[in-house]
Structure formats: C-alpha cells, structure tokens
Amino acid sequence: APAMEKAGAIDRALAALARARVLRRQSQTDAATEAVDQAAAAGTDEPRLLALIAREALAIGKLTLAQHIASAALRAAPDVAQNRRLLARILIDRNDGERALTLLDKLPPDDVDAQIMKAQAALLSSDETALKAGLSGLSAVQSSKPELATQIGALRIRVEAKLTPGRAVVDRARALARSAPGDPEALLALAEAGLAAHDPATAQNALKQRFAVAPDDPNAHYLFGRARRMAADASGAEASFRRAIELSPGHTDALLALASTLLDQGKYGDADAVYQELATRGGSSIQGRLGRVEALSGLMRLEDAQIQLDALPEAQQSSAGYRLAAARLALARAKPGDALTQLRPLVDAQKDKPQVQAVYGDALLAAQQLEAAGA
C-alpha cells in the first residue's frame with residue numbers, strides 16, 4: 001500500500017506539472033499557477049520531481065513556493081549539486097544573498113554556474129569579503145566559458161563598482177556595452193557603475209536602453225529611481241520606486257527608497273504608511289521602525305515618535321540609523337544638546353554622509369540660538 005501511495009503521488013505530480021508547463025507556454029498564468037499548486041500538493045518526496053516542480057514554480061514567479069519545494073528537494077538529496085544551485089538561484093531571486101552564499105560555498109571553485117551565482121549573491125549582501133571572493137571566483141572561470149564572456153564581464157563590473165567605484169569602472173562598463181549592443185546585463189552594469197560614480201545621467205541613459213529590451217524588471221526601475229533621485233528629480237524617483245514595487249511587491253530596497261523620497265518631499269504621512277509596512281517585515285523591521293520615528297517627527301507627533309524610538313532594542317542604540325533618528329527627534333523637541341550628543345560619534349566616522357553633516361549643522365545652529373536666547 002505505501003508503494004502504491006508513493007506511485008500515485010508521483011503520477012499526480014507529473015500530470016499536474018505537465019499541465020502547468022503547457023498552460024504557462026499558452027500564457028494562461030492563473031491556470032498554470034493552479035496546476036503548479038496541485039503538483040506541489042501531490043505529496044511526492046522524489047527529489048528529482050520536487051526539483052522540477054520548484055523550477056516550474058520559479059518560472060511562473062511563485063518564489064515562496066519554489067523555495068519551499070526546492071528546500072525539500074535538497075533535504076531529500078543533499079549531495080546533488082543541481083539541487084543546491086536551484087535553491088541558491090531562488091534565494092537570489094528573493095534578494096536573500098546571505099543564505100544563497102551559505103549554500104554556494106559548498107560547491108567546487110570550478111563550478112561556473114556556482115561562481116556566477118556567488119557574485120550575484122555577494123552583490124545582494126554587500127559584504128566586502130564576499131564581494132572580493134566573488135570577483136576572484138569570476139576571474140578563475142572567465143576563460144572557461146567564452147560564450148558567457150558578456151555576462152561574466154558585466155558581473156565583474158557590478159562587483160568592481162561596489163568595491164572601487166569611479167570613472168575607470170564606468171569606462172570599462174561603457175566599453176563592454178559597446179561590445180555587446182543592447183545586451184541587458186551590460187547595460188545594467190553600466191547603470192550600476194554610473195550610480196556608484198555619482199553619474200546619474202549615465203545610469204539613466206543605460207536604463208532607458210535596457211527598458212527597450214526588458215521593460216518590466218523591478219530592479220531596473222528601482223535603479224532608475226535612484227538615478228532620478230540623485231539628479232534631484234524627486235517626483236520621478238517616486239514614480240520609479242512605485243513601479244518597482246508594483247512589479248515586485250516585496251522589493252524591500254524599493255520600499256525603503258520610496259519612503260526616504262517621500263520624506264524628502266515632506267510627504268510624512270505617506271512615508272509613515274510605507275515605514276509601517278516595512279516594520280511588519282522580519283528583515284526590515286528595524287529600518288521601518290526607525291523610519292517611523294522620522295516620519296512621525298515630521299508630522300509633529302512627537303510623543304508617538306518617542307514611543308517608537310524607545311521600543312527599539314538596546315543593541316540598536318549605538319547604530320548610525322538610531323542616532324540619526326534620535327537626533328532629528330531631539331531637534332523637533334527643541335533639545336539640540338541631546339541631538340549633538342547623538343551625532344558627535346557619527347560626524348568624524350561618516351564624513352561622506354551629507355545627511356549626517358546637515359543634521360549636525362542644524363543641531364549646532366539650534367544650540368547657538370538657544371544659548372543666545374538664554375543670554
């Protein structure tokens with residue numbers, strides 16, 4: 001009986017999987033999604049079949065389901081490198097670079113696909129050690145796959161833009177884009193190099209070309225929003241961030257950037273709504289709660305802002321984000337001395353952060369005015 005049940009589960013899963021593939025190719029997305037759900041619910045524990053179901057879930061954009069099924073496939077066959085790469089791919093698509101790196105570190109250095117994904121995961125984590133390791137891994141495999149020269153070259157530029165941003169990286173990105181006209185990876189690399197070098201015009205031009213071949217990439221719209229914000233186009237940046245979120249509702253970076261842009265425009269109520277959403281998410285709850293402090297301060301709901309600040313874990317109280325939010329709240333409460341106490345540890349350490357220097361200047365001015373009024 002158990003053998004018959006297992007065979008029945010496999011048959012049900014295969015039938016639903018075949019139906020999902022046909023429906024997806026016919027662009028019947030809703031029906032394909034239902035078929036994938038049926039395949040996942042069939043009850044099979046056969047690792048190769050689980051991997052196929054996870055790939056189909058990934059193809060139709062059901063990333064949560066894809067991760068769940070791919071994890072089951074890896075548990076069932078932990079020594080199969082293909083299953084490890086599949087789960088890492090899904091985690092990267094879900095912007096979870098750290099967990100993807102943990103999986104990929106167990107694959108050999110001559111695994112080209114793994115090295116490419118390690119660089120992609122490192123870009124998500126922004127960890128300097130991981131970025132350097134990713135760059136080294138790409139260098140080691142670059143010559144073994146000439147057909148991937150543009151993809152690997154674009155990844156190298158994106159990593160270099162994080163590690164050593166500047167005009168030299170932009171020039172290399174331009175050369176790559178010229179060598180592969182219209183290639184979306186090369187154009188993405190040029191956009192990221194431009195942003196890292198504080199060259200929003202280059203970034204915007206590259207992304208406009210990329211939209212011609214890939215109009216619905218949420219990350220590209222997010223980058224376009226960053227470029228527009230860098231060019232002081234706040235309303236345009238807001239529109240781009242909203243488009244990124246529309247295409248990928250869980251895009252945390254776009255939500256954070258949207259909230260900051262709304263603060264820039266004095267739209268404190270709208271910003272607070274976005275920060276409230278972020279505060280409910282595990283990976284961004286601290287940023288959401290800190291953002292609420294700033295938004296509520298802007299709305300002059302100072303007691304509510306103080307409650308949000310006081311509720312943050314003690315371990316956060318030495319972080320730059322906490323100090324900046326606490327300083328802004330102190331200024332709103334006409335306590336420039338408290339603001340200066342919070343900001344002084346940041347001033348020297350974050351000389352390249354204009355917002356820190358600006359708030360510090362506001363606090364110094366407010367303190368001088370308070371002294372003058374007392375005199």
# chains A, B, ... in the order shown; residues from 1 in each chain; ligands from 1
call {"tool": "residues_around", "arguments": {"residues": "Val274 of chain A", "least_positions_apart": "2", "cutoff": "10 Å", "atoms": "only C-alpha atoms", "output": "list in words"}}
result
Leu255, Leu256, Leu258, Ala259, Ser260, Leu262, Tyr268, Gly269, Asp270, Ala271, Asp272, Gln276, Glu277, Leu278, Ala279, Gly288, Gly291, Arg292 and Ala295 of chain A
call {"tool": "residues_around", "arguments": {"residues": "Asp338 of chain A", "least_positions_apart": "5", "cutoff": "12 Å", "atoms": "only C-alpha atoms", "output": "PDB file with all heavy atoms, in the first residue's frame"}}
result
ATOM      1  N   ARG A 323      20.991  56.717  15.962  1.00  0.00           N
ATOM      2  CA  ARG A 323      21.496  58.026  16.399  1.00  0.00           C
ATOM      3  C   ARG A 323      20.928  59.154  15.543  1.00  0.00           C
ATOM      4  O   ARG A 323      20.566  60.220  16.057  1.00  0.00           O
ATOM      5  CB  ARG A 323      23.025  58.041  16.367  1.00  0.00           C
ATOM      6  CG  ARG A 323      23.673  57.217  17.472  1.00  0.00           C
ATOM      7  CD  ARG A 323      25.185  57.355  17.461  1.00  0.00           C
ATOM      8  NE  ARG A 323      25.804  56.647  18.573  1.00  0.00           N
ATOM      9  CZ  ARG A 323      25.892  57.105  19.807  1.00  0.00           C
ATOM     10  NH1 ARG A 323      25.377  58.291  20.101  1.00  0.00           N
ATOM     11  NH2 ARG A 323      26.478  56.401  20.757  1.00  0.00           N
ATOM     12  N   LEU A 324      20.847  58.919  14.240  1.00  0.00           N
ATOM     13  CA  LEU A 324      20.333  59.964  13.352  1.00  0.00           C
ATOM     14  C   LEU A 324      18.853  60.225  13.620  1.00  0.00           C
ATOM     15  O   LEU A 324      18.413  61.384  13.697  1.00  0.00           O
ATOM     16  CB  LEU A 324      20.549  59.546  11.893  1.00  0.00           C
ATOM     17  CG  LEU A 324      20.417  60.631  10.828  1.00  0.00           C
ATOM     18  CD1 LEU A 324      21.371  61.784  11.095  1.00  0.00           C
ATOM     19  CD2 LEU A 324      20.677  60.038   9.452  1.00  0.00           C
ATOM     20  N   ALA A 325      18.076  59.150  13.771  1.00  0.00           N
ATOM     21  CA  ALA A 325      16.653  59.323  14.061  1.00  0.00           C
ATOM     22  C   ALA A 325      16.442  59.989  15.415  1.00  0.00           C
ATOM     23  O   ALA A 325      15.594  60.884  15.564  1.00  0.00           O
ATOM     24  CB  ALA A 325      15.950  57.959  14.026  1.00  0.00           C
ATOM     25  N   ALA A 326      17.225  59.578  16.414  1.00  0.00           N
ATOM     26  CA  ALA A 326      17.108  60.176  17.746  1.00  0.00           C
ATOM     27  C   ALA A 326      17.478  61.655  17.717  1.00  0.00           C
ATOM     28  O   ALA A 326      16.852  62.487  18.399  1.00  0.00           O
ATOM     29  CB  ALA A 326      17.999  59.427  18.732  1.00  0.00           C
ATOM     30  N   ALA A 327      18.489  62.015  16.928  1.00  0.00           N
ATOM     31  CA  ALA A 327      18.905  63.415  16.820  1.00  0.00           C
ATOM     32  C   ALA A 327      17.813  64.258  16.184  1.00  0.00           C
ATOM     33  O   ALA A 327      17.522  65.373  16.636  1.00  0.00           O
ATOM     34  CB  ALA A 327      20.192  63.506  16.008  1.00  0.00           C
ATOM     35  N   ARG A 328      17.218  63.740  15.123  1.00  0.00           N
ATOM     36  CA  ARG A 328      16.140  64.503  14.464  1.00  0.00           C
ATOM     37  C   ARG A 328      14.952  64.692  15.396  1.00  0.00           C
ATOM     38  O   ARG A 328      14.326  65.764  15.408  1.00  0.00           O
ATOM     39  CB  ARG A 328      15.727  63.778  13.181  1.00  0.00           C
ATOM     40  CG  ARG A 328      16.730  63.973  12.049  1.00  0.00           C
ATOM     41  CD  ARG A 328      16.353  63.189  10.826  1.00  0.00           C
ATOM     42  NE  ARG A 328      17.118  63.611   9.669  1.00  0.00           N
ATOM     43  CZ  ARG A 328      17.450  62.828   8.666  1.00  0.00           C
ATOM     44  NH1 ARG A 328      17.078  61.564   8.674  1.00  0.00           N
ATOM     45  NH2 ARG A 328      18.141  63.280   7.636  1.00  0.00           N
ATOM     46  N   LEU A 329      14.636  63.662  16.172  1.00  0.00           N
ATOM     47  CA  LEU A 329      13.534  63.793  17.128  1.00  0.00           C
ATOM     48  C   LEU A 329      13.895  64.798  18.215  1.00  0.00           C
ATOM     49  O   LEU A 329      13.061  65.626  18.608  1.00  0.00           O
ATOM     50  CB  LEU A 329      13.208  62.428  17.737  1.00  0.00           C
ATOM     51  CG  LEU A 329      12.129  62.417  18.827  1.00  0.00           C
ATOM     52  CD1 LEU A 329      10.825  63.023  18.313  1.00  0.00           C
ATOM     53  CD2 LEU A 329      11.895  60.989  19.330  1.00  0.00           C
ATOM     54  N   ALA A 330      15.127  64.769  18.682  1.00  0.00           N
ATOM     55  CA  ALA A 330      15.557  65.732  19.702  1.00  0.00           C
ATOM     56  C   ALA A 330      15.457  67.154  19.174  1.00  0.00           C
ATOM     57  O   ALA A 330      15.022  68.069  19.893  1.00  0.00           O
ATOM     58  CB  ALA A 330      16.989  65.424  20.137  1.00  0.00           C
ATOM     59  N   LEU A 331      15.837  67.387  17.937  1.00  0.00           N
ATOM     60  CA  LEU A 331      15.714  68.720  17.341  1.00  0.00           C
ATOM     61  C   LEU A 331      14.252  69.147  17.272  1.00  0.00           C
ATOM     62  O   LEU A 331      13.914  70.308  17.568  1.00  0.00           O
ATOM     63  CB  LEU A 331      16.327  68.733  15.943  1.00  0.00           C
ATOM     64  CG  LEU A 331      17.856  68.842  15.872  1.00  0.00           C
ATOM     65  CD1 LEU A 331      18.323  68.717  14.426  1.00  0.00           C
ATOM     66  CD2 LEU A 331      18.334  70.161  16.473  1.00  0.00           C
ATOM     67  N   ALA A 332      13.370  68.211  16.876  1.00  0.00           N
ATOM     68  CA  ALA A 332      11.942  68.542  16.794  1.00  0.00           C
ATOM     69  C   ALA A 332      11.388  68.887  18.174  1.00  0.00           C
ATOM     70  O   ALA A 332      10.447  69.676  18.292  1.00  0.00           O
ATOM     71  CB  ALA A 332      11.172  67.372  16.195  1.00  0.00           C
ATOM     72  N   ARG A 333      12.020  68.341  19.237  1.00  0.00           N
ATOM     73  CA  ARG A 333      11.566  68.624  20.600  1.00  0.00           C
ATOM     74  C   ARG A 333      12.350  69.777  21.231  1.00  0.00           C
ATOM     75  O   ARG A 333      12.298  69.968  22.439  1.00  0.00           O
ATOM     76  CB  ARG A 333      11.714  67.359  21.460  1.00  0.00           C
ATOM     77  CG  ARG A 333      10.961  66.169  20.885  1.00  0.00           C
ATOM     78  CD  ARG A 333      10.893  65.007  21.836  1.00  0.00           C
ATOM     79  NE  ARG A 333       9.811  65.226  22.806  1.00  0.00           N
ATOM     80  CZ  ARG A 333       9.201  64.274  23.485  1.00  0.00           C
ATOM     81  NH1 ARG A 333       9.560  63.007  23.309  1.00  0.00           N
ATOM     82  NH2 ARG A 333       8.255  64.541  24.340  1.00  0.00           N
ATOM     83  N   LEU A 343      24.873  62.798  17.741  1.00  0.00           N
ATOM     84  CA  LEU A 343      25.547  62.963  16.449  1.00  0.00           C
ATOM     85  C   LEU A 343      27.068  62.966  16.525  1.00  0.00           C
ATOM     86  O   LEU A 343      27.730  62.583  15.555  1.00  0.00           O
ATOM     87  CB  LEU A 343      25.075  64.257  15.775  1.00  0.00           C
ATOM     88  CG  LEU A 343      23.620  64.264  15.297  1.00  0.00           C
ATOM     89  CD1 LEU A 343      23.194  65.682  14.948  1.00  0.00           C
ATOM     90  CD2 LEU A 343      23.451  63.345  14.097  1.00  0.00           C
ATOM     91  N   ARG A 344      27.633  63.405  17.630  1.00  0.00           N
ATOM     92  CA  ARG A 344      29.106  63.563  17.690  1.00  0.00           C
ATOM     93  C   ARG A 344      29.864  62.279  17.332  1.00  0.00           C
ATOM     94  O   ARG A 344      30.865  62.352  16.627  1.00  0.00           O
ATOM     95  CB  ARG A 344      29.513  64.100  19.064  1.00  0.00           C
ATOM     96  CG  ARG A 344      29.256  65.599  19.190  1.00  0.00           C
ATOM     97  CD  ARG A 344      29.945  66.230  20.390  1.00  0.00           C
ATOM     98  NE  ARG A 344      29.693  67.661  20.420  1.00  0.00           N
ATOM     99  CZ  ARG A 344      28.850  68.266  21.267  1.00  0.00           C
ATOM    100  NH1 ARG A 344      28.181  67.541  22.157  1.00  0.00           N
ATOM    101  NH2 ARG A 344      28.673  69.571  21.233  1.00  0.00           N
ATOM    102  N   TYR A 360      23.812  67.609  11.815  1.00  0.00           N
ATOM    103  CA  TYR A 360      24.766  68.128  12.810  1.00  0.00           C
ATOM    104  C   TYR A 360      24.831  69.655  12.733  1.00  0.00           C
ATOM    105  O   TYR A 360      24.839  70.344  13.770  1.00  0.00           O
ATOM    106  CB  TYR A 360      26.141  67.519  12.555  1.00  0.00           C
ATOM    107  CG  TYR A 360      27.169  67.860  13.619  1.00  0.00           C
ATOM    108  CD1 TYR A 360      26.995  67.477  14.943  1.00  0.00           C
ATOM    109  CD2 TYR A 360      28.328  68.563  13.283  1.00  0.00           C
ATOM    110  CE1 TYR A 360      27.936  67.776  15.917  1.00  0.00           C
ATOM    111  CE2 TYR A 360      29.280  68.868  14.253  1.00  0.00           C
ATOM    112  CZ  TYR A 360      29.077  68.478  15.556  1.00  0.00           C
ATOM    113  OH  TYR A 360      30.018  68.778  16.511  1.00  0.00           O
ATOM    114  N   ALA A 363      21.797  71.062  14.335  1.00  0.00           N
ATOM    115  CA  ALA A 363      21.868  70.961  15.795  1.00  0.00           C
ATOM    116  C   ALA A 363      22.787  72.031  16.375  1.00  0.00           C
ATOM    117  O   ALA A 363      22.478  72.657  17.404  1.00  0.00           O
ATOM    118  CB  ALA A 363      22.349  69.564  16.196  1.00  0.00           C
ATOM    119  N   LEU A 364      23.930  72.275  15.715  1.00  0.00           N
ATOM    120  CA  LEU A 364      24.844  73.336  16.176  1.00  0.00           C
ATOM    121  C   LEU A 364      24.166  74.695  16.132  1.00  0.00           C
ATOM    122  O   LEU A 364      24.275  75.492  17.080  1.00  0.00           O
ATOM    123  CB  LEU A 364      26.100  73.350  15.310  1.00  0.00           C
ATOM    124  CG  LEU A 364      27.124  72.235  15.550  1.00  0.00           C
ATOM    125  CD1 LEU A 364      28.218  72.303  14.494  1.00  0.00           C
ATOM    126  CD2 LEU A 364      27.733  72.344  16.950  1.00  0.00           C
ATOM    127  N   ALA A 366      20.936  75.341  16.183  1.00  0.00           N
ATOM    128  CA  ALA A 366      19.868  75.409  17.185  1.00  0.00           C
ATOM    129  C   ALA A 366      20.450  75.608  18.580  1.00  0.00           C
ATOM    130  O   ALA A 366      19.893  76.356  19.401  1.00  0.00           O
ATOM    131  CB  ALA A 366      19.040  74.122  17.139  1.00  0.00           C
ATOM    132  N   ALA A 367      21.579  74.978  18.867  1.00  0.00           N
ATOM    133  CA  ALA A 367      22.212  75.133  20.174  1.00  0.00           C
ATOM    134  C   ALA A 367      22.691  76.563  20.379  1.00  0.00           C
ATOM    135  O   ALA A 367      22.536  77.154  21.467  1.00  0.00           O
ATOM    136  CB  ALA A 367      23.381  74.155  20.310  1.00  0.00           C
TER     137      ALA A 367
END
call {"tool": "atom_distance", "arguments": {"atom1": "atom CA of Lys132 of chain A", "atom2": "atom CA of Asp79 of chain A"}}
result
27.0 Å
call {"tool": "residues_around", "arguments": {"residues": "Pro313 of chain A", "least_positions_apart": "4", "cutoff": "10 Å", "atoms": "only C-alpha atoms", "output": "NGL selection string"}}
result
:A and (286 or 309 or 317)
call {"tool": "atom_distance", "arguments": {"atom1": "atom CA of Leu101 of chain A", "atom2": "atom CA of Gln142 of chain A"}}
result
19.6 Å
call {"tool": "closest_residue", "arguments": {"among": "A:Gln67, A:Pro165, A:Gly97, A:Pro181", "to": "Val213 of chain A", "atoms": "only C-alpha atoms"}}
result
A:Pro181
call {"tool": "atom_distance", "arguments": {"atom1": "atom CA of His251 of chain A", "atom2": "atom CA of Ala57 of chain A"}}
result
18.9 Å
call {"tool": "closest_residue", "arguments": {"among": "A:Ile116, A:Ala244, A:Ala161, A:Val359", "to": "Ala140 of chain A", "atoms": "only C-alpha atoms"}}
result
A:Ile116
call {"tool": "closest_residue", "arguments": {"among": "A:Gln350, A:Asn83, A:Thr261, A:Thr44", "to": "Leu103 of chain A", "atoms": "only C-alpha atoms"}}
result
A:Asn83
call {"tool": "closest_residue", "arguments": {"among": "A:Arg242, A:Ala35, A:Arg229, A:Glu303", "to": "His198 of chain A", "atoms": "only C-alpha atoms"}}
result
A:Arg229
call {"tool": "residues_around", "arguments": {"residues": "Pro108 of chain A", "least_positions_apart": "3", "cutoff": "12 Å", "atoms": "only C-alpha atoms", "output": "MDAnalysis selection string"}}
result
chainID A and resid 81 84:85 103:105 111:115 118 137 140:141
